[in-house]
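K.L.:
Sharing upload-v1.cif here; it has mmCIF, N, CA and C atoms.
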```
data_data
#
loop_
_atom_site.label_atom_id
_atom_site.label_comp_id
_atom_site.auth_asym_id
_atom_site.auth_seq_id
_atom_site.Cartn_x
_atom_site.Cartn_y
_atom_site.Cartn_z
N MET A 1 -17.36 10.81 -2.05
CA MET A 1 -17.23 11.85 -3.06
C MET A 1 -15.93 11.59 -3.80
N ARG A 2 -15.92 12.00 -5.05
CA ARG A 2 -14.71 11.80 -5.84
C ARG A 2 -14.54 12.93 -6.84
N CYS A 3 -13.30 13.08 -7.31
CA CYS A 3 -13.01 14.07 -8.35
C CYS A 3 -12.05 13.48 -9.38
N SER A 4 -11.95 12.15 -9.42
CA SER A 4 -11.09 11.43 -10.35
C SER A 4 -11.71 10.06 -10.56
N PRO A 5 -11.06 9.18 -11.31
CA PRO A 5 -11.64 7.85 -11.47
C PRO A 5 -11.63 7.00 -10.20
N ASP A 6 -10.87 7.41 -9.16
CA ASP A 6 -10.85 6.65 -7.90
C ASP A 6 -12.25 6.53 -7.34
N HIS A 7 -12.52 5.40 -6.71
CA HIS A 7 -13.85 5.16 -6.13
C HIS A 7 -14.27 6.30 -5.22
N HIS A 8 -13.33 6.79 -4.41
CA HIS A 8 -13.64 7.95 -3.56
C HIS A 8 -12.35 8.70 -3.24
N GLY A 9 -12.49 9.99 -3.04
CA GLY A 9 -11.40 10.84 -2.60
C GLY A 9 -11.68 11.37 -1.21
N VAL A 10 -12.94 11.54 -0.91
CA VAL A 10 -13.40 11.95 0.41
C VAL A 10 -14.51 10.99 0.80
N ALA A 11 -14.38 10.40 1.97
CA ALA A 11 -15.41 9.48 2.45
C ALA A 11 -16.04 10.07 3.71
N LEU A 12 -17.34 10.22 3.68
CA LEU A 12 -18.07 10.69 4.84
C LEU A 12 -18.62 9.48 5.57
N VAL A 13 -18.38 9.42 6.86
CA VAL A 13 -18.83 8.26 7.64
C VAL A 13 -19.72 8.73 8.78
N GLY A 14 -20.47 7.81 9.31
CA GLY A 14 -21.33 8.14 10.44
C GLY A 14 -22.75 8.37 9.99
N SER A 15 -23.52 8.94 10.88
CA SER A 15 -24.93 9.14 10.65
C SER A 15 -25.31 10.58 10.95
N ALA A 16 -26.21 11.10 10.17
CA ALA A 16 -26.68 12.47 10.38
C ALA A 16 -27.89 12.50 11.31
N LYS A 17 -28.21 11.37 11.95
CA LYS A 17 -29.38 11.31 12.81
C LYS A 17 -29.22 12.13 14.08
N GLU A 18 -27.99 12.30 14.54
CA GLU A 18 -27.74 13.04 15.78
C GLU A 18 -26.69 14.12 15.53
N GLN A 19 -26.70 15.13 16.36
CA GLN A 19 -25.69 16.17 16.31
C GLN A 19 -24.33 15.57 16.66
N SER A 20 -23.33 15.83 15.88
CA SER A 20 -22.00 15.31 16.15
C SER A 20 -21.28 16.18 17.15
N THR A 21 -20.53 15.55 18.03
CA THR A 21 -19.69 16.29 18.98
C THR A 21 -18.31 16.53 18.40
N ASN A 22 -18.03 15.90 17.28
CA ASN A 22 -16.73 16.04 16.63
C ASN A 22 -16.87 16.82 15.34
N SER A 23 -15.83 17.53 15.00
CA SER A 23 -15.74 18.11 13.67
C SER A 23 -14.29 18.02 13.25
N GLY A 24 -14.08 17.77 12.01
CA GLY A 24 -12.71 17.66 11.53
C GLY A 24 -12.53 16.44 10.66
N MET A 25 -11.35 16.32 10.17
CA MET A 25 -11.01 15.23 9.27
C MET A 25 -10.79 13.94 10.08
N HIS A 26 -11.26 12.82 9.55
CA HIS A 26 -11.06 11.55 10.25
C HIS A 26 -9.66 10.99 10.00
N HIS A 27 -9.23 10.91 8.73
CA HIS A 27 -7.90 10.38 8.46
C HIS A 27 -7.38 10.80 7.09
N MET A 28 -6.08 10.65 6.94
CA MET A 28 -5.41 10.83 5.65
C MET A 28 -5.03 9.45 5.15
N ALA A 29 -5.12 9.26 3.83
CA ALA A 29 -4.79 7.98 3.24
C ALA A 29 -3.72 8.17 2.17
N PHE A 30 -2.82 7.20 2.12
CA PHE A 30 -1.70 7.26 1.19
C PHE A 30 -1.68 6.00 0.35
N ALA A 31 -1.79 6.17 -0.97
CA ALA A 31 -1.75 5.04 -1.90
C ALA A 31 -0.32 4.60 -2.10
N VAL A 32 -0.12 3.28 -2.20
CA VAL A 32 1.19 2.73 -2.55
C VAL A 32 1.03 1.93 -3.83
N ALA A 33 2.13 1.66 -4.49
CA ALA A 33 2.11 1.07 -5.83
C ALA A 33 1.86 -0.43 -5.86
N SER A 34 2.05 -1.12 -4.73
CA SER A 34 1.86 -2.57 -4.76
C SER A 34 1.29 -3.06 -3.44
N LEU A 35 0.66 -4.21 -3.50
CA LEU A 35 0.15 -4.85 -2.29
C LEU A 35 1.29 -5.22 -1.36
N ASP A 36 2.43 -5.60 -1.91
CA ASP A 36 3.59 -5.92 -1.08
C ASP A 36 3.95 -4.74 -0.16
N GLU A 37 3.80 -3.52 -0.66
CA GLU A 37 4.14 -2.34 0.15
C GLU A 37 3.20 -2.20 1.35
N VAL A 38 1.95 -2.59 1.20
CA VAL A 38 1.03 -2.55 2.34
C VAL A 38 1.50 -3.56 3.39
N PHE A 39 1.86 -4.75 2.97
CA PHE A 39 2.37 -5.77 3.90
C PHE A 39 3.66 -5.30 4.57
N ARG A 40 4.56 -4.71 3.80
CA ARG A 40 5.82 -4.21 4.39
C ARG A 40 5.54 -3.08 5.38
N SER A 41 4.57 -2.24 5.06
CA SER A 41 4.21 -1.15 5.98
C SER A 41 3.70 -1.71 7.30
N ARG A 42 2.85 -2.74 7.23
CA ARG A 42 2.35 -3.35 8.46
C ARG A 42 3.50 -3.88 9.30
N GLU A 43 4.43 -4.57 8.65
CA GLU A 43 5.58 -5.13 9.39
C GLU A 43 6.40 -4.01 10.03
N HIS A 44 6.63 -2.94 9.30
CA HIS A 44 7.39 -1.80 9.83
C HIS A 44 6.68 -1.20 11.05
N LEU A 45 5.37 -1.01 10.93
CA LEU A 45 4.60 -0.45 12.05
C LEU A 45 4.68 -1.36 13.27
N ARG A 46 4.52 -2.65 13.06
CA ARG A 46 4.60 -3.60 14.18
C ARG A 46 5.97 -3.58 14.84
N ARG A 47 7.02 -3.58 14.02
CA ARG A 47 8.39 -3.57 14.55
C ARG A 47 8.64 -2.37 15.45
N HIS A 48 7.97 -1.26 15.14
CA HIS A 48 8.17 -0.02 15.88
C HIS A 48 7.09 0.24 16.92
N GLY A 49 6.26 -0.75 17.19
CA GLY A 49 5.27 -0.63 18.25
C GLY A 49 4.13 0.34 17.98
N VAL A 50 3.84 0.60 16.71
CA VAL A 50 2.76 1.52 16.35
C VAL A 50 1.44 0.78 16.45
N LYS A 51 0.45 1.40 17.07
CA LYS A 51 -0.86 0.78 17.21
C LYS A 51 -1.57 0.74 15.85
N ILE A 52 -1.88 -0.47 15.39
CA ILE A 52 -2.66 -0.64 14.17
C ILE A 52 -4.12 -0.74 14.58
N VAL A 53 -4.96 0.14 14.01
CA VAL A 53 -6.38 0.16 14.38
C VAL A 53 -7.25 -0.64 13.42
N TYR A 54 -6.73 -0.94 12.23
CA TYR A 54 -7.47 -1.77 11.28
C TYR A 54 -6.51 -2.26 10.21
N GLU A 55 -6.74 -3.48 9.77
CA GLU A 55 -6.05 -3.99 8.59
C GLU A 55 -7.00 -4.90 7.84
N GLY A 56 -6.85 -4.93 6.54
CA GLY A 56 -7.69 -5.77 5.71
C GLY A 56 -8.33 -4.98 4.60
N ARG A 57 -9.56 -5.37 4.24
CA ARG A 57 -10.30 -4.68 3.18
C ARG A 57 -11.64 -4.23 3.73
N ARG A 58 -11.92 -2.96 3.56
CA ARG A 58 -13.23 -2.44 3.93
C ARG A 58 -14.20 -2.79 2.81
N ARG A 59 -15.35 -2.18 2.80
CA ARG A 59 -16.38 -2.54 1.83
C ARG A 59 -16.23 -1.73 0.54
N ALA A 60 -16.97 -0.66 0.40
CA ALA A 60 -16.95 0.13 -0.84
C ALA A 60 -15.53 0.60 -1.14
N GLY A 61 -15.12 0.47 -2.39
CA GLY A 61 -13.77 0.83 -2.80
C GLY A 61 -12.84 -0.35 -2.85
N CYS A 62 -13.07 -1.31 -1.98
CA CYS A 62 -12.35 -2.60 -1.95
C CYS A 62 -10.84 -2.50 -1.81
N GLN A 63 -10.32 -1.36 -1.35
CA GLN A 63 -8.88 -1.25 -1.17
C GLN A 63 -8.43 -2.08 0.03
N ILE A 64 -7.19 -2.54 -0.04
CA ILE A 64 -6.57 -3.29 1.05
C ILE A 64 -5.68 -2.30 1.78
N ALA A 65 -5.83 -2.27 3.11
CA ALA A 65 -5.17 -1.19 3.84
C ALA A 65 -4.72 -1.60 5.23
N VAL A 66 -3.83 -0.79 5.74
CA VAL A 66 -3.43 -0.82 7.13
C VAL A 66 -3.69 0.59 7.65
N GLU A 67 -4.41 0.68 8.76
CA GLU A 67 -4.74 1.98 9.37
C GLU A 67 -4.13 2.02 10.75
N PHE A 68 -3.57 3.17 11.10
CA PHE A 68 -2.84 3.29 12.36
C PHE A 68 -2.92 4.72 12.87
N LEU A 69 -2.43 4.92 14.08
CA LEU A 69 -2.41 6.25 14.68
C LEU A 69 -1.00 6.81 14.65
N ASP A 70 -0.87 8.08 14.27
CA ASP A 70 0.44 8.71 14.34
C ASP A 70 0.70 9.13 15.79
N PRO A 71 1.89 9.67 16.11
CA PRO A 71 2.19 10.02 17.50
C PRO A 71 1.22 11.04 18.12
N ASP A 72 0.54 11.82 17.29
CA ASP A 72 -0.43 12.80 17.81
C ASP A 72 -1.85 12.25 17.86
N GLY A 73 -2.02 10.97 17.51
CA GLY A 73 -3.33 10.35 17.57
C GLY A 73 -4.18 10.50 16.32
N HIS A 74 -3.60 11.01 15.22
CA HIS A 74 -4.33 11.12 13.96
C HIS A 74 -4.36 9.77 13.26
N HIS A 75 -5.48 9.46 12.63
CA HIS A 75 -5.61 8.22 11.87
C HIS A 75 -4.94 8.39 10.51
N LEU A 76 -4.11 7.42 10.14
CA LEU A 76 -3.46 7.39 8.84
C LEU A 76 -3.73 6.02 8.21
N GLU A 77 -3.77 6.00 6.89
CA GLU A 77 -4.04 4.76 6.16
C GLU A 77 -3.04 4.62 5.02
N ILE A 78 -2.50 3.43 4.87
CA ILE A 78 -1.68 3.09 3.71
C ILE A 78 -2.46 2.03 2.96
N TYR A 79 -2.73 2.28 1.68
CA TYR A 79 -3.62 1.37 0.94
C TYR A 79 -3.13 1.10 -0.47
N TRP A 80 -3.68 0.04 -1.01
CA TRP A 80 -3.45 -0.37 -2.41
C TRP A 80 -4.76 -0.94 -2.95
N GLY A 81 -4.99 -0.77 -4.24
CA GLY A 81 -6.07 -1.47 -4.92
C GLY A 81 -7.43 -0.80 -4.87
N LEU A 82 -7.49 0.49 -4.70
CA LEU A 82 -8.77 1.19 -4.67
C LEU A 82 -9.46 1.06 -6.03
N ASP A 83 -10.71 0.64 -6.02
CA ASP A 83 -11.47 0.54 -7.26
C ASP A 83 -11.54 1.90 -7.96
N GLU A 84 -11.66 1.85 -9.27
CA GLU A 84 -11.91 3.06 -10.05
C GLU A 84 -13.30 2.97 -10.64
N VAL A 85 -13.90 4.13 -10.86
CA VAL A 85 -15.23 4.22 -11.44
C VAL A 85 -15.07 4.32 -12.96
N GLY A 86 -15.80 3.48 -13.68
CA GLY A 86 -15.72 3.50 -15.13
C GLY A 86 -16.27 4.78 -15.73
N SER A 87 -15.95 5.05 -16.97
CA SER A 87 -16.44 6.27 -17.63
C SER A 87 -17.96 6.26 -17.74
N ASP A 88 -18.57 5.07 -17.58
CA ASP A 88 -20.03 4.98 -17.61
C ASP A 88 -20.64 5.21 -16.22
N GLY A 89 -19.79 5.49 -15.22
CA GLY A 89 -20.28 5.75 -13.87
C GLY A 89 -20.53 4.51 -13.04
N ARG A 90 -20.26 3.35 -13.59
CA ARG A 90 -20.50 2.11 -12.86
C ARG A 90 -19.44 1.90 -11.77
N VAL A 91 -19.91 1.37 -10.65
CA VAL A 91 -19.02 1.00 -9.55
C VAL A 91 -19.26 -0.47 -9.22
N ARG A 92 -18.35 -1.03 -8.48
CA ARG A 92 -18.49 -2.43 -8.06
C ARG A 92 -19.75 -2.56 -7.21
N PRO A 93 -20.62 -3.51 -7.53
CA PRO A 93 -21.85 -3.67 -6.73
C PRO A 93 -21.54 -4.24 -5.34
N PRO A 94 -22.37 -3.91 -4.36
CA PRO A 94 -22.13 -4.38 -2.99
C PRO A 94 -21.98 -5.89 -2.85
N ASP A 95 -22.61 -6.68 -3.69
CA ASP A 95 -22.48 -8.13 -3.55
C ASP A 95 -21.08 -8.63 -3.93
N GLU A 96 -20.22 -7.75 -4.45
CA GLU A 96 -18.84 -8.12 -4.75
C GLU A 96 -17.85 -7.59 -3.71
N TRP A 97 -18.32 -6.82 -2.76
CA TRP A 97 -17.43 -6.32 -1.71
C TRP A 97 -16.99 -7.50 -0.86
N ARG A 98 -15.77 -7.48 -0.36
CA ARG A 98 -15.24 -8.57 0.44
C ARG A 98 -14.53 -7.99 1.67
N GLN A 99 -15.29 -7.58 2.67
CA GLN A 99 -14.66 -7.02 3.86
C GLN A 99 -13.89 -8.10 4.60
N THR A 100 -12.69 -7.74 5.05
CA THR A 100 -11.84 -8.65 5.81
C THR A 100 -11.21 -7.88 6.96
N HIS A 101 -10.59 -8.62 7.87
CA HIS A 101 -9.99 -7.98 9.04
C HIS A 101 -8.51 -8.31 9.22
N THR A 102 -7.91 -8.92 8.20
CA THR A 102 -6.45 -9.07 8.15
C THR A 102 -6.03 -8.93 6.70
N LEU A 103 -4.76 -8.63 6.50
CA LEU A 103 -4.25 -8.55 5.13
C LEU A 103 -4.29 -9.93 4.48
N GLU A 104 -4.02 -10.97 5.27
CA GLU A 104 -4.04 -12.32 4.71
C GLU A 104 -5.44 -12.71 4.24
N GLU A 105 -6.48 -12.37 5.02
CA GLU A 105 -7.85 -12.64 4.58
C GLU A 105 -8.16 -11.89 3.29
N ALA A 106 -7.64 -10.67 3.17
CA ALA A 106 -7.88 -9.87 1.97
C ALA A 106 -7.26 -10.55 0.75
N VAL A 107 -6.08 -11.14 0.92
CA VAL A 107 -5.44 -11.87 -0.18
C VAL A 107 -6.26 -13.11 -0.54
N ASP A 108 -6.72 -13.82 0.49
CA ASP A 108 -7.44 -15.08 0.27
C ASP A 108 -8.85 -14.91 -0.25
N ASN A 109 -9.46 -13.76 -0.04
CA ASN A 109 -10.86 -13.55 -0.39
C ASN A 109 -11.01 -12.29 -1.26
N ALA A 110 -10.38 -12.30 -2.41
CA ALA A 110 -10.38 -11.13 -3.29
C ALA A 110 -11.70 -10.99 -4.03
N PRO A 111 -12.13 -9.75 -4.24
CA PRO A 111 -13.31 -9.54 -5.08
C PRO A 111 -12.96 -9.81 -6.54
N PRO A 112 -13.96 -10.04 -7.37
CA PRO A 112 -13.70 -10.30 -8.79
C PRO A 112 -12.82 -9.21 -9.42
N GLY A 113 -11.78 -9.66 -10.11
CA GLY A 113 -10.92 -8.73 -10.85
C GLY A 113 -9.78 -8.12 -10.06
N GLN A 114 -9.71 -8.35 -8.75
CA GLN A 114 -8.60 -7.78 -7.97
C GLN A 114 -7.53 -8.85 -7.80
N ASP A 115 -6.36 -8.62 -8.39
CA ASP A 115 -5.26 -9.58 -8.31
C ASP A 115 -4.48 -9.33 -7.03
N THR A 116 -4.62 -10.23 -6.08
CA THR A 116 -3.95 -10.06 -4.78
C THR A 116 -2.68 -10.91 -4.68
N SER A 117 -2.07 -11.22 -5.80
CA SER A 117 -0.81 -11.96 -5.79
C SER A 117 0.28 -11.07 -5.19
N LEU A 118 1.08 -11.65 -4.34
CA LEU A 118 2.22 -10.93 -3.78
C LEU A 118 3.46 -11.25 -4.59
N ARG A 119 4.27 -10.24 -4.87
CA ARG A 119 5.54 -10.48 -5.55
C ARG A 119 6.49 -11.22 -4.63
N GLU A 120 6.35 -10.95 -3.33
CA GLU A 120 7.19 -11.57 -2.30
C GLU A 120 6.28 -12.35 -1.35
N PRO A 121 5.97 -13.61 -1.67
CA PRO A 121 5.01 -14.40 -0.87
C PRO A 121 5.39 -14.55 0.59
N SER A 122 6.66 -14.39 0.94
CA SER A 122 7.07 -14.53 2.35
C SER A 122 6.46 -13.44 3.23
N LEU A 123 5.90 -12.39 2.64
CA LEU A 123 5.25 -11.34 3.42
C LEU A 123 3.94 -11.82 4.04
N TYR A 124 3.33 -12.82 3.44
CA TYR A 124 2.07 -13.38 3.91
C TYR A 124 2.35 -14.16 5.19
N LEU A 125 1.68 -13.77 6.28
CA LEU A 125 1.89 -14.45 7.55
C LEU A 125 0.95 -15.64 7.65
N ARG A 126 1.50 -16.79 7.91
CA ARG A 126 0.69 -17.99 8.08
C ARG A 126 -0.11 -17.87 9.38
N LYS A 127 -1.26 -18.54 9.45
CA LYS A 127 -2.13 -18.48 10.62
C LYS A 127 -1.42 -18.89 11.90
N SER A 128 -0.39 -19.70 11.83
CA SER A 128 0.31 -20.16 13.02
C SER A 128 1.26 -19.12 13.58
N GLN A 129 1.51 -18.03 12.86
CA GLN A 129 2.47 -17.02 13.33
C GLN A 129 1.82 -16.01 14.22
#
```
Taking this structure as input, can you express it in the form of structure tokens?

P.N.:
Amino acid sequence: MRCSPDHHGVALVGSAKEQSTNSGMHHMAFAVASLDEVFRSREHLRRHGVKIVYEGRRRAGCQIAVEFLDPDGHHLEIYWGLDEVGSDGRVRPPDEWRQTHTLEEAVDNAPPGQDTSLREPSLYLRKSQ
């Protein structure tokens, strides 16, 4: 669901096939101004021993993110590059989604039109690290 040009403002996940035992919000997400900030956030979280539950790019929306748990166990997301919906209502088609499981994979496998250049290339961790 959305209320702005952003691909989504509220994302509903799961299946309605069974009664849910949970109710409540899954996570809060915070947009940052650059991809470098997502990489810096990951490094900060790692330095402080914060459990990262996901990093990379999910499917719809194509944002690059780091997701983690706060001290109370709430899911938080820091992201950059969320697709916007055009005034004609068009969204990126599924064949352009590029799901990845690391920030580096997200940089290397960008969907059409997403510039994943880093201002500070040293943030990119080589596979040997």

K.L.:
Among region 9-105 of chain A, which ones does DSSP assign to alpha helix (DSSP H) (computed from the backbone)? Answer as a ChimeraX atom specification.

P.N.:
/A:35-47,103-105

K.L.:
Let me know the residues the PyMOL selection byres ((chain A and resi 65) around 5) catches in the file above, as a VMD selection string.

P.N.:
chain A and resid 55 to 57 63 to 64 66 to 67 78 to 79

K.L.:
How would you write, as a list in words, the residues chosen by the PyMOL selection byres ((chain A and resi 35) around 7) on this structure?

P.N.:
Val32, Ala33, Ser34, Asp36, Glu37, Val38, Phe39, Arg40, Trp80, Gly81, Ser117, Leu118 and Arg119 of chain A

K.L.:
Could you take the residues named above and write them with N, CA and C atoms, as a PDB file, in the frame of the given file?

P.N.:
```pdb
ATOM      1  N   VAL A  32      -0.120   3.280  -2.200  1.00  0.00           N
ATOM      2  CA  VAL A  32       1.190   2.730  -2.550  1.00  0.00           C
ATOM      3  C   VAL A  32       1.030   1.930  -3.830  1.00  0.00           C
ATOM      4  N   ALA A  33       2.130   1.660  -4.490  1.00  0.00           N
ATOM      5  CA  ALA A  33       2.110   1.070  -5.830  1.00  0.00           C
ATOM      6  C   ALA A  33       1.860  -0.430  -5.860  1.00  0.00           C
ATOM      7  N   SER A  34       2.050  -1.120  -4.730  1.00  0.00           N
ATOM      8  CA  SER A  34       1.860  -2.570  -4.760  1.00  0.00           C
ATOM      9  C   SER A  34       1.290  -3.060  -3.440  1.00  0.00           C
ATOM     10  N   ASP A  36       2.430  -5.600  -1.910  1.00  0.00           N
ATOM     11  CA  ASP A  36       3.590  -5.920  -1.080  1.00  0.00           C
ATOM     12  C   ASP A  36       3.950  -4.740  -0.160  1.00  0.00           C
ATOM     13  N   GLU A  37       3.800  -3.520  -0.660  1.00  0.00           N
ATOM     14  CA  GLU A  37       4.140  -2.340   0.150  1.00  0.00           C
ATOM     15  C   GLU A  37       3.200  -2.200   1.350  1.00  0.00           C
ATOM     16  N   VAL A  38       1.950  -2.590   1.200  1.00  0.00           N
ATOM     17  CA  VAL A  38       1.030  -2.550   2.340  1.00  0.00           C
ATOM     18  C   VAL A  38       1.500  -3.560   3.390  1.00  0.00           C
ATOM     19  N   PHE A  39       1.860  -4.750   2.970  1.00  0.00           N
ATOM     20  CA  PHE A  39       2.370  -5.770   3.900  1.00  0.00           C
ATOM     21  C   PHE A  39       3.660  -5.300   4.570  1.00  0.00           C
ATOM     22  N   ARG A  40       4.560  -4.710   3.800  1.00  0.00           N
ATOM     23  CA  ARG A  40       5.820  -4.210   4.390  1.00  0.00           C
ATOM     24  C   ARG A  40       5.540  -3.080   5.380  1.00  0.00           C
ATOM     25  N   TRP A  80      -3.680   0.040  -1.010  1.00  0.00           N
ATOM     26  CA  TRP A  80      -3.450  -0.370  -2.410  1.00  0.00           C
ATOM     27  C   TRP A  80      -4.760  -0.940  -2.950  1.00  0.00           C
ATOM     28  N   GLY A  81      -4.990  -0.770  -4.240  1.00  0.00           N
ATOM     29  CA  GLY A  81      -6.070  -1.470  -4.920  1.00  0.00           C
ATOM     30  C   GLY A  81      -7.430  -0.800  -4.870  1.00  0.00           C
ATOM     31  N   SER A 117      -2.070 -11.220  -5.800  1.00  0.00           N
ATOM     32  CA  SER A 117      -0.810 -11.960  -5.790  1.00  0.00           C
ATOM     33  C   SER A 117       0.280 -11.070  -5.190  1.00  0.00           C
ATOM     34  N   LEU A 118       1.080 -11.650  -4.340  1.00  0.00           N
ATOM     35  CA  LEU A 118       2.220 -10.930  -3.780  1.00  0.00           C
ATOM     36  C   LEU A 118       3.460 -11.250  -4.590  1.00  0.00           C
ATOM     37  N   ARG A 119       4.270 -10.240  -4.870  1.00  0.00           N
ATOM     38  CA  ARG A 119       5.540 -10.480  -5.550  1.00  0.00           C
ATOM     39  C   ARG A 119       6.490 -11.220  -4.630  1.00  0.00           C
TER      40      ARG A 119
END
```

K.L.:
When you count only N, CA and C atoms, which of these residues is closest to Leu76 (chain A): A:Thr102, A:His27, A:Ser41, A:Arg46?

P.N.:
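Once distances to Leu76 (chain A) are computed over only N, CA and C atoms, the minimum belongs to A:His27.
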
K.L.:
Quick check, in Å to one decimal: how far apart do atom C of Met28 (chain A) and atom N of Thr116 (chain A) lie?

P.N.:
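Between atom C of Met28 (chain A) and atom N of Thr116 (chain A) the gap is 22.7 Å.
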
K.L.:
Could you state the separation of atom C of Gln114 (chain A) and atom C of Ile52 (chain A) in Å, given to one decimal place?

P.N.:
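Calculated distance between atom C of Gln114 (chain A) and atom C of Ile52 (chain A) is 24.0 Å.
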
K.L.:
What is the CA of Leu123 (chain A) to CA of Asp95 (chain A) distance in Å?

P.N.:
28.8 Å

K.L.:
Here's the selection I'm unsure about, the PyMOL selection byres ((chain A and resi 98) around 7); applied to the file above, which residues does it give, as a list in words?

P.N.:
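Going through the file, the PyMOL selection byres ((chain A and resi 98) around 7) ends up selecting Arg57, Arg58, Arg59, Ala60, Cys62, Pro94, Asp95, Glu96, Trp97, Gln99, Thr100, Ala106, Asn109, Ala110 and Pro111 of chain A.
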